[in-house]
Amino acid sequence: MRRDKTYWTFVQGLLAPIQFIIFLGSLGFVLRYLLTGEGLQVANNSVVAKTLTLYTIMITGCIWEKVVFGRYLFAPSFFWEDVFSMLVLALHTSYLVAMYTGRLSGAELMYLALAAYATYVVNAGQFILKLRAARLDHEARQRELARFGSATNLAAA
């Protein structure tokens, strides 16, 4: 019930598809650079945009988790998703550090971006499966309550 009533659920629901769209575009730019050697700056900019969006959704997700579960991170209900999120953040942040320090070549940066993106896809899948399971559980409980309510009404009649 808290999940559905908080404003932060709406924010997460808005940011998640925006991040996914940015991810798809950036993935295209990264792959284009790897295939053609062209567009390094555009690819870099797209990974930065994806990373900033990731930071935004992670911060608002922490707030959401605090409102819903009473903890900013690692609430039992989302423990493994949060653990994997730390890997996603570490890889994206490593990309920014490597790009700004010049420690990696363009191709190496793009491979690091692909590793970060692979973890992002797995993590997004974790959250989607968890939220889908919660929704199905909620629907099953509602059906059970409706059926129980009908049985109670029949017994009272």
# chains A, B, ... in the order shown; residues from 1 in each chain; ligands from 1
>>> residues_around(residues="range 74-84 of chain A", least_positions_apart="3", cutoff="10 Å", atoms="only C-alpha atoms", output="list in words")
Met58, Gly61, Cys62, Glu65, Lys66, Val68, Phe69, Gly70, Arg71, Leu87, Val88, Leu89, Ala90, Thr119, Tyr120, Val122, Asn123, Ala124, Gly125, Gln126, Phe127 and Lys130 of chain A
>>> residues_around(residues="Thr56 in chain A", least_positions_apart="4", cutoff="10 Å", atoms="only C-alpha atoms", output="PDB file with C-alpha atoms, in the first residue's frame")
ATOM      1  CA  GLN A  12      10.640   5.807 -10.461  1.00  0.00           C
ATOM      2  CA  LEU A  15      12.589   7.719 -14.798  1.00  0.00           C
ATOM      3  CA  GLN A  19      16.774   5.780 -18.622  1.00  0.00           C
ATOM      4  CA  LYS A  50      23.159   7.475 -19.285  1.00  0.00           C
ATOM      5  CA  THR A  51      25.320   7.597 -16.157  1.00  0.00           C
ATOM      6  CA  LEU A  52      23.773  10.848 -14.929  1.00  0.00           C
ATOM      7  CA  THR A  60      15.356   8.717  -6.072  1.00  0.00           C
ATOM      8  CA  GLY A  61      15.238   4.933  -5.693  1.00  0.00           C
ATOM      9  CA  CYS A  62      16.959   5.230  -2.325  1.00  0.00           C
TER      10      CYS A  62
END
>>> residues_around(residues="Asn44 in chain A", least_positions_apart="3", cutoff="9 Å", atoms="only C-alpha atoms", output="mmCIF file with N, CA and C atoms, in the first residue's frame")
data_model
loop_
_atom_site.group_PDB
_atom_site.id
_atom_site.type_symbol
_atom_site.label_atom_id
_atom_site.label_comp_id
_atom_site.auth_asym_id
_atom_site.auth_seq_id
_atom_site.Cartn_x
_atom_site.Cartn_y
_atom_site.Cartn_z
ATOM 1 N N SER A 26 22.350 5.294 -26.461
ATOM 2 C CA SER A 26 23.770 5.243 -26.154
ATOM 3 C C SER A 26 24.389 3.944 -26.635
ATOM 4 N N PHE A 29 25.198 4.313 -30.183
ATOM 5 C CA PHE A 29 26.394 5.137 -30.414
ATOM 6 C C PHE A 29 27.675 4.379 -30.064
ATOM 7 N N VAL A 30 27.633 3.627 -28.976
ATOM 8 C CA VAL A 30 28.805 2.839 -28.567
ATOM 9 C C VAL A 30 29.124 1.785 -29.628
ATOM 10 N N GLY A 39 32.647 8.713 -34.217
ATOM 11 C CA GLY A 39 31.669 9.177 -33.242
ATOM 12 C C GLY A 39 32.058 8.939 -31.790
ATOM 13 N N LEU A 40 33.346 8.975 -31.479
ATOM 14 C CA LEU A 40 33.766 8.747 -30.099
ATOM 15 C C LEU A 40 33.160 9.782 -29.154
ATOM 16 N N GLN A 41 33.191 11.047 -29.532
ATOM 17 C CA GLN A 41 32.673 12.092 -28.635
ATOM 18 C C GLN A 41 31.177 11.922 -28.394
ATOM 19 N N VAL A 47 27.172 8.075 -23.007
ATOM 20 C CA VAL A 47 27.419 7.282 -21.795
ATOM 21 C C VAL A 47 27.354 8.190 -20.562
ATOM 22 N N VAL A 48 27.845 9.398 -20.677
ATOM 23 C CA VAL A 48 27.738 10.352 -19.566
ATOM 24 C C VAL A 48 26.257 10.631 -19.267
ATOM 25 N N ALA A 49 25.458 10.848 -20.298
ATOM 26 C CA ALA A 49 24.025 11.087 -20.098
ATOM 27 C C ALA A 49 23.367 9.879 -19.433
ATOM 28 N N MET A 99 37.358 7.992 -18.511
ATOM 29 C CA MET A 99 37.200 8.958 -19.596
ATOM 30 C C MET A 99 37.857 10.295 -19.228
ATOM 31 N N GLY A 106 39.742 4.901 -26.669
ATOM 32 C CA GLY A 106 38.333 4.978 -27.055
ATOM 33 C C GLY A 106 37.672 3.611 -27.075
ATOM 34 N N LEU A 109 37.249 2.239 -23.573
ATOM 35 C CA LEU A 109 36.115 2.901 -22.928
ATOM 36 C C LEU A 109 34.786 2.296 -23.374
ATOM 37 N N MET A 110 34.676 2.036 -24.663
ATOM 38 C CA MET A 110 33.427 1.482 -25.182
ATOM 39 C C MET A 110 33.182 0.074 -24.647
#
>>> closest_residue(among="A:Val67, A:Leu96, A:Leu136, A:Ser105", to="Lys5 in chain A", atoms="only C-alpha atoms")
A:Val67
>>> closest_residue(among="A:Leu27, A:Ile21, A:Met86, A:Val121", to="Tyr55 in chain A", atoms="only C-alpha atoms")
A:Met86
>>> closest_residue(among="A:Trp64, A:Leu104, A:Leu91, A:Tyr117", to="Gly25 in chain A", atoms="only C-alpha atoms")
A:Tyr117
